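Peer 1: This is the structure I have questions about; it appears just below.
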Amino acid sequence: MELGGLSMHLLDLHAHFPIHTPFIFGWKRFLLDRANTLFNYEDGVPRMRADRVAAGVFSGFASVLYDPEDEFLVRRTDPRPQAFGHLMTQATLAETEAASIDLCVARDVATVEKCLQNGDRFLIHCIEGGFGCGGDAGNIPKFATLGVAYLILAHFIYRNIATCANSVPHLPNALFRVLNPQKASEGLTGPGRTLAREAIANGIILDVTHCTDRAQREIFELAHAFQPSVPVISSHSGARHIANYEVNLSDDAIQHIRDLNGVIGVIVYPYWLQPCGQNADGLDLVVDTINYFVCKASIDHVAIGTDMDGFIQPVRECPNYSAVGMIEECIRARFSKTDAEKILWRNALRVLQAGWGVRR
């Protein structure tokens, strides 16, 4: 569907709308509440609380399904069958909250296109951490039925799926490797490769964020092996050339995403967008990173993935989702109308059209 000259607001590739929903109970809920209050929320209030989301100016966002219980409070390499049920419950709770503020739940690209055409705001589901499949690739088709658009195989802690880049702010790489031992010779494990293939087969896009360089290369190889090749994304990232952190994208990864006709969502977390030791905190960092990705790929492969409420301190202009429209204002002020539209929503939509729901 061609949406022609319509002018849309931001399509955010990565936002933690469900993180505050009560899908964990008892002492585990207490731990999550303390972690959110200390490291995530703004003055103890979720940055994506429903009223703040309702007040924001945007078209839609990819709503992250993620249960920290299934990542942190279990043995590192054990399958976690409960994880699948936890995410399905979280999705239901998030959808109920979305309905309370008139957000449509888009389970396919056609619904996204309809929402954009009509000016209706929406969310789409995505998953951060392959452990959310509960150790069973047979759950992938069920996630596809739910309408999951993309899957990130790795996250903070190695869970016998894909090796993880150091994504913990201020933690030295050497200490990360001690706390989170992984084989340097490994990228995707056998179960990880099975999950990746099953995701592609069921029209779920693969996201290389949080993966080590080796795991990313193996994902790119899988995507290139399909005929035609399938798009791969990085939903929320910075550029390693600017900010030399392992979690950020290398030039090689940027070019692979370009070659696969994917897209890179620029995170709005200042820590990952500038060299270690610097303390800028504004949207100029986002613009600089966009320009670098444009230089190494093109204007057709850049988007925004805020990672709001994802245990980040966002840029000062956008402290919570009620102010998310400031990102759009900045981009429209810095880029031509055509380029701004690509960054804000067209590139993300193109990749969703090419990969989401397309069975292989």
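Ordering of the structure tokens sets the chain letters (A, B, ...); residue numbers start at 1 within each chain; ligands are numbered from 1 in the order shown.
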Can you list, as a PyMOL selection string, every protein, DNA or RNA residue that comes within 12 Å of segment 116-123 of chain A when you count only C-alpha atoms, leaving out same-chain residues fewer than 3 positions away?
Peer 2: chain A and resi 1-18+53-65+91+94-99+101-113+126+147-149+345-346+349
Peer 1: Would you mind listing what lies within 7 Å of Leu206 of chain A as a list in words, with only C-alpha atoms counted and same-chain residues fewer than 4 positions away left out?
Peer 2: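 Returned residues: Tyr150, Leu151, Ile152, Val232 and Ile233 of chain A.
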Peer 1: For C-alpha atoms, I'd like the residues from the last selection saved as a compact mmCIF listing (two decimals), in the first residue's frame.
Peer 2:
```txt
# COMPACT_ATOMS: atom_id res chain seq x y z
CA TYR A 150 10.38 -8.73 15.45
CA LEU A 151 12.52 -10.79 17.80
CA ILE A 152 15.81 -9.87 19.49
CA VAL A 232 17.24 -7.50 9.42
CA ILE A 233 17.00 -4.58 11.83
```
Peer 1: Residues of segment 251-348 of chain A that approach segment 355-359 of chain A to 12 Å or less, counting only C-alpha atoms: could you list each one with the shortest pair of atoms and its distance in Å to one decimal, rows by chain and increasing residue number, as a tab-separated table?
Peer 2:
```
residue	atom	partner	partner_atom	distance
A:Leu260	CA	A:Gly355	CA	10.8
A:Asn261	CA	A:Gly355	CA	10.1
A:Gly262	CA	A:Gly355	CA	9.2
A:Val263	CA	A:Gly355	CA	11.5
A:Ala348	CA	A:Gly355	CA	10.8
```
Peer 1: List the neighbours of Gly85 of chain A out to 9 Å using only C-alpha atoms; skip same-chain residues closer than 6 positions along the sequence, and give me the result as an MDAnalysis selection string.
Peer 2: chainID A and resid 132:134
Peer 1: Hey, what's within 6 Å of segment 29-41 of chain A if we count only C-alpha atoms and toss same-chain stuff fewer than 6 positions away? As a PyMOL selection string, please?
Peer 2: chain A and resi 47+309+311-312
Peer 1: Could you work out how far atom CA of Pro275 of chain A lies from atom CA of Arg177 of chain A, giving the answer in Å with one decimal?
Peer 2: 21.3 Å
Peer 1: So which residues of segment 14-189 of chain A fall under strand (DSSP E or B) by DSSP, listed as a list in words?
Peer 2: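 Result set for segment 14-189 of chain A (strand (DSSP E or B)): His14, Ala15, Glu42, Val45, Gly60, Phe61, Ala62, Ser63, Val64, Leu65, Cys104, Val105, Phe122, Leu123, Ile124, His125, Cys126, Ile127, Glu128, Val148, Ala149, Tyr150, Leu151, Ile152, Ala162, Cys164 and Leu188 of chain A.
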Peer 1: With only C-alpha atoms as the basis for distance, which of A:Gly238, A:Gly44, A:Pro191, A:Gly135 is at the shortest distance from Pro79 of chain A?
Peer 2: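 Smallest distance to Pro79 of chain A is found for A:Gly135.
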Peer 1: Could you go through segment 88-322 of chain A and tell me which residues DSSP, when run on the backbone, assigns to alpha helix (DSSP H), listing them as a PDB file with C-alpha atoms, in the first residue's frame?
Peer 2:
```
ATOM      1  CA  MET A  88       1.481 -13.858  26.563  1.00  0.00           C
ATOM      2  CA  THR A  89       0.055 -12.578  29.857  1.00  0.00           C
ATOM      3  CA  GLN A  90       2.076  -9.397  29.560  1.00  0.00           C
ATOM      4  CA  ALA A  91       0.757  -8.866  26.042  1.00  0.00           C
ATOM      5  CA  THR A  92      -2.828  -9.185  27.281  1.00  0.00           C
ATOM      6  CA  LEU A  93      -2.228  -6.672  30.072  1.00  0.00           C
ATOM      7  CA  ALA A  94      -0.517  -4.249  27.710  1.00  0.00           C
ATOM      8  CA  GLU A  95      -3.375  -4.525  25.212  1.00  0.00           C
ATOM      9  CA  THR A  96      -5.918  -3.789  27.956  1.00  0.00           C
ATOM     10  CA  GLU A  97      -4.001  -0.690  28.972  1.00  0.00           C
ATOM     11  CA  ALA A  98      -3.627   0.355  25.328  1.00  0.00           C
ATOM     12  CA  ALA A  99      -7.400   0.116  24.847  1.00  0.00           C
ATOM     13  CA  SER A 100      -7.909   2.442  27.814  1.00  0.00           C
ATOM     14  CA  VAL A 109       1.066  -4.530   8.354  1.00  0.00           C
ATOM     15  CA  ALA A 110      -2.350  -3.947   6.836  1.00  0.00           C
ATOM     16  CA  THR A 111      -3.605  -2.666  10.197  1.00  0.00           C
ATOM     17  CA  VAL A 112      -0.564  -0.401  10.543  1.00  0.00           C
ATOM     18  CA  GLU A 113      -1.247   1.039   7.089  1.00  0.00           C
ATOM     19  CA  LYS A 114      -4.902   1.576   7.946  1.00  0.00           C
ATOM     20  CA  CYS A 115      -3.994   3.329  11.188  1.00  0.00           C
ATOM     21  CA  LEU A 116      -1.532   5.589   9.399  1.00  0.00           C
ATOM     22  CA  GLN A 117      -4.093   6.379   6.712  1.00  0.00           C
ATOM     23  CA  ASN A 118      -6.769   7.238   9.303  1.00  0.00           C
ATOM     24  CA  ILE A 140       7.275 -19.003  17.480  1.00  0.00           C
ATOM     25  CA  PRO A 141       4.122 -19.587  15.359  1.00  0.00           C
ATOM     26  CA  LYS A 142       2.027 -18.637  18.420  1.00  0.00           C
ATOM     27  CA  PHE A 143       3.928 -15.373  18.731  1.00  0.00           C
ATOM     28  CA  ALA A 144       3.378 -14.820  15.009  1.00  0.00           C
ATOM     29  CA  THR A 145      -0.367 -15.264  15.536  1.00  0.00           C
ATOM     30  CA  LEU A 146      -0.206 -12.713  18.373  1.00  0.00           C
ATOM     31  CA  ASN A 173      33.963  -5.301  29.260  1.00  0.00           C
ATOM     32  CA  ALA A 174      36.444  -7.410  31.230  1.00  0.00           C
ATOM     33  CA  LEU A 175      34.145  -7.510  34.259  1.00  0.00           C
ATOM     34  CA  PHE A 176      31.134  -8.220  32.041  1.00  0.00           C
ATOM     35  CA  ARG A 177      32.917 -11.287  30.671  1.00  0.00           C
ATOM     36  CA  VAL A 178      33.665 -12.522  34.193  1.00  0.00           C
ATOM     37  CA  LEU A 179      30.074 -12.063  35.328  1.00  0.00           C
ATOM     38  CA  GLY A 190      21.981 -24.639  18.044  1.00  0.00           C
ATOM     39  CA  PRO A 191      18.738 -23.586  19.778  1.00  0.00           C
ATOM     40  CA  GLY A 192      19.404 -19.981  18.778  1.00  0.00           C
ATOM     41  CA  ARG A 193      19.815 -20.900  15.123  1.00  0.00           C
ATOM     42  CA  THR A 194      16.588 -22.912  15.254  1.00  0.00           C
ATOM     43  CA  LEU A 195      14.732 -19.949  16.765  1.00  0.00           C
ATOM     44  CA  ALA A 196      16.159 -17.608  14.130  1.00  0.00           C
ATOM     45  CA  ARG A 197      15.121 -19.844  11.239  1.00  0.00           C
ATOM     46  CA  GLU A 198      11.673 -20.425  12.707  1.00  0.00           C
ATOM     47  CA  ALA A 199      11.179 -16.679  13.195  1.00  0.00           C
ATOM     48  CA  ILE A 200      12.033 -15.952   9.561  1.00  0.00           C
ATOM     49  CA  ALA A 201       9.823 -18.812   8.389  1.00  0.00           C
ATOM     50  CA  ASP A 213      29.561  -9.197  16.452  1.00  0.00           C
ATOM     51  CA  ARG A 214      29.854 -12.933  15.803  1.00  0.00           C
ATOM     52  CA  ALA A 215      26.178 -13.566  16.544  1.00  0.00           C
ATOM     53  CA  GLN A 216      25.250 -10.638  14.294  1.00  0.00           C
ATOM     54  CA  ARG A 217      27.339 -12.035  11.439  1.00  0.00           C
ATOM     55  CA  GLU A 218      25.616 -15.404  11.735  1.00  0.00           C
ATOM     56  CA  ILE A 219      22.190 -13.725  11.687  1.00  0.00           C
ATOM     57  CA  PHE A 220      23.182 -11.757   8.587  1.00  0.00           C
ATOM     58  CA  GLU A 221      24.369 -14.970   6.928  1.00  0.00           C
ATOM     59  CA  LEU A 222      21.028 -16.634   7.653  1.00  0.00           C
ATOM     60  CA  ALA A 223      19.130 -13.662   6.242  1.00  0.00           C
ATOM     61  CA  HIS A 224      21.280 -13.561   3.091  1.00  0.00           C
ATOM     62  CA  ALA A 225      20.771 -17.313   2.556  1.00  0.00           C
ATOM     63  CA  ASP A 251      30.518  -0.220  10.398  1.00  0.00           C
ATOM     64  CA  ASP A 252      30.393  -3.783   9.069  1.00  0.00           C
ATOM     65  CA  ALA A 253      27.020  -4.408  10.763  1.00  0.00           C
ATOM     66  CA  ILE A 254      25.643  -1.104   9.462  1.00  0.00           C
ATOM     67  CA  GLN A 255      26.533  -2.107   5.914  1.00  0.00           C
ATOM     68  CA  HIS A 256      25.023  -5.582   6.289  1.00  0.00           C
ATOM     69  CA  ILE A 257      21.736  -4.038   7.458  1.00  0.00           C
ATOM     70  CA  ARG A 258      21.871  -1.723   4.444  1.00  0.00           C
ATOM     71  CA  ASP A 259      22.557  -4.628   2.067  1.00  0.00           C
ATOM     72  CA  ASP A 284      22.036  16.765  18.939  1.00  0.00           C
ATOM     73  CA  LEU A 285      23.524  13.370  19.836  1.00  0.00           C
ATOM     74  CA  VAL A 286      20.661  11.620  18.056  1.00  0.00           C
ATOM     75  CA  VAL A 287      21.089  13.828  14.988  1.00  0.00           C
ATOM     76  CA  ASP A 288      24.862  13.186  14.878  1.00  0.00           C
ATOM     77  CA  THR A 289      24.245   9.435  15.015  1.00  0.00           C
ATOM     78  CA  ILE A 290      21.595   9.627  12.293  1.00  0.00           C
ATOM     79  CA  ASN A 291      24.050  11.499  10.083  1.00  0.00           C
ATOM     80  CA  TYR A 292      26.712   8.847  10.656  1.00  0.00           C
ATOM     81  CA  PHE A 293      24.335   6.036   9.719  1.00  0.00           C
ATOM     82  CA  VAL A 294      23.288   7.987   6.625  1.00  0.00           C
ATOM     83  CA  CYS A 295      26.957   8.310   5.671  1.00  0.00           C
ATOM     84  CA  LYS A 296      27.669   4.593   6.124  1.00  0.00           C
TER      85      LYS A 296
END
```
Peer 1: Go through A:Leu87, A:Ile204, A:Ala50, A:Ala243 one by one, measure the shortest atom-to-atom distance of each to Val230 of chain A using only C-alpha atoms, and give the residue with the smallest value.
Peer 2: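 Among the listed residues, A:Ile204 lies closest to Val230 of chain A.
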Peer 1: Using only C-alpha atoms for the distances, tell me which of A:Phe72, A:Trp27, A:Tyr271, A:Tyr321 is nearest to Asn180 of chain A.
Peer 2: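 Closest candidate: A:Phe72.
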Peer 1: When you draw a straight line from atom CA of Asp67 of chain A to atom CA of Pro46 of chain A, how long is it in Å?
Peer 2: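 Computing it gives 16.1 Å between the two atoms.
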Peer 1: Can you pull out the residues contacting Ser234 of chain A? Cut-off 8 Å, using only C-alpha atoms, and skip same-chain residues under 3 positions away; I want them as a PyMOL selection string.
Peer 2: chain A and resi 207-209+237+263-265
Peer 1: Export N, CA, C and O atoms of the chosen residues as a PDB file, in the first residue's frame?
Peer 2:
```pdb
ATOM      1  N   ASP A 207      16.171  -9.055  14.871  1.00  0.00           N
ATOM      2  CA  ASP A 207      16.787  -7.815  15.340  1.00  0.00           C
ATOM      3  C   ASP A 207      18.119  -8.182  15.990  1.00  0.00           C
ATOM      4  O   ASP A 207      18.166  -9.017  16.891  1.00  0.00           O
ATOM      5  N   VAL A 208      19.219  -7.562  15.532  1.00  0.00           N
ATOM      6  CA  VAL A 208      20.554  -7.934  16.006  1.00  0.00           C
ATOM      7  C   VAL A 208      21.017  -7.133  17.221  1.00  0.00           C
ATOM      8  O   VAL A 208      22.123  -7.334  17.715  1.00  0.00           O
ATOM      9  N   THR A 209      20.192  -6.222  17.730  1.00  0.00           N
ATOM     10  CA  THR A 209      20.568  -5.461  18.915  1.00  0.00           C
ATOM     11  C   THR A 209      20.931  -6.407  20.057  1.00  0.00           C
ATOM     12  O   THR A 209      20.300  -7.443  20.236  1.00  0.00           O
ATOM     13  N   SER A 237      19.904   1.522  18.776  1.00  0.00           N
ATOM     14  CA  SER A 237      21.356   1.396  18.817  1.00  0.00           C
ATOM     15  C   SER A 237      22.024   2.738  18.571  1.00  0.00           C
ATOM     16  O   SER A 237      21.407   3.712  18.147  1.00  0.00           O
ATOM     17  N   VAL A 263      16.781  -1.652   8.589  1.00  0.00           N
ATOM     18  CA  VAL A 263      16.723  -0.308   9.158  1.00  0.00           C
ATOM     19  C   VAL A 263      17.354  -0.319  10.545  1.00  0.00           C
ATOM     20  O   VAL A 263      17.345  -1.352  11.236  1.00  0.00           O
ATOM     21  N   ILE A 264      17.904   0.830  10.939  1.00  0.00           N
ATOM     22  CA  ILE A 264      18.526   0.998  12.253  1.00  0.00           C
ATOM     23  C   ILE A 264      17.763   2.079  13.013  1.00  0.00           C
ATOM     24  O   ILE A 264      17.637   3.212  12.545  1.00  0.00           O
ATOM     25  N   GLY A 265      17.237   1.721  14.176  1.00  0.00           N
ATOM     26  CA  GLY A 265      16.586   2.698  15.042  1.00  0.00           C
ATOM     27  C   GLY A 265      17.605   3.321  15.975  1.00  0.00           C
ATOM     28  O   GLY A 265      18.287   2.611  16.719  1.00  0.00           O
TER      29      GLY A 265
END
```
Peer 1: Using only C-alpha atoms, can you tell me which of A:Leu188, A:Arg159, A:Asn244, A:Gln313 comes closest to Asp43 of chain A?
Peer 2: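 Of the candidates, the smallest distance to Asp43 of chain A is held by A:Gln313.
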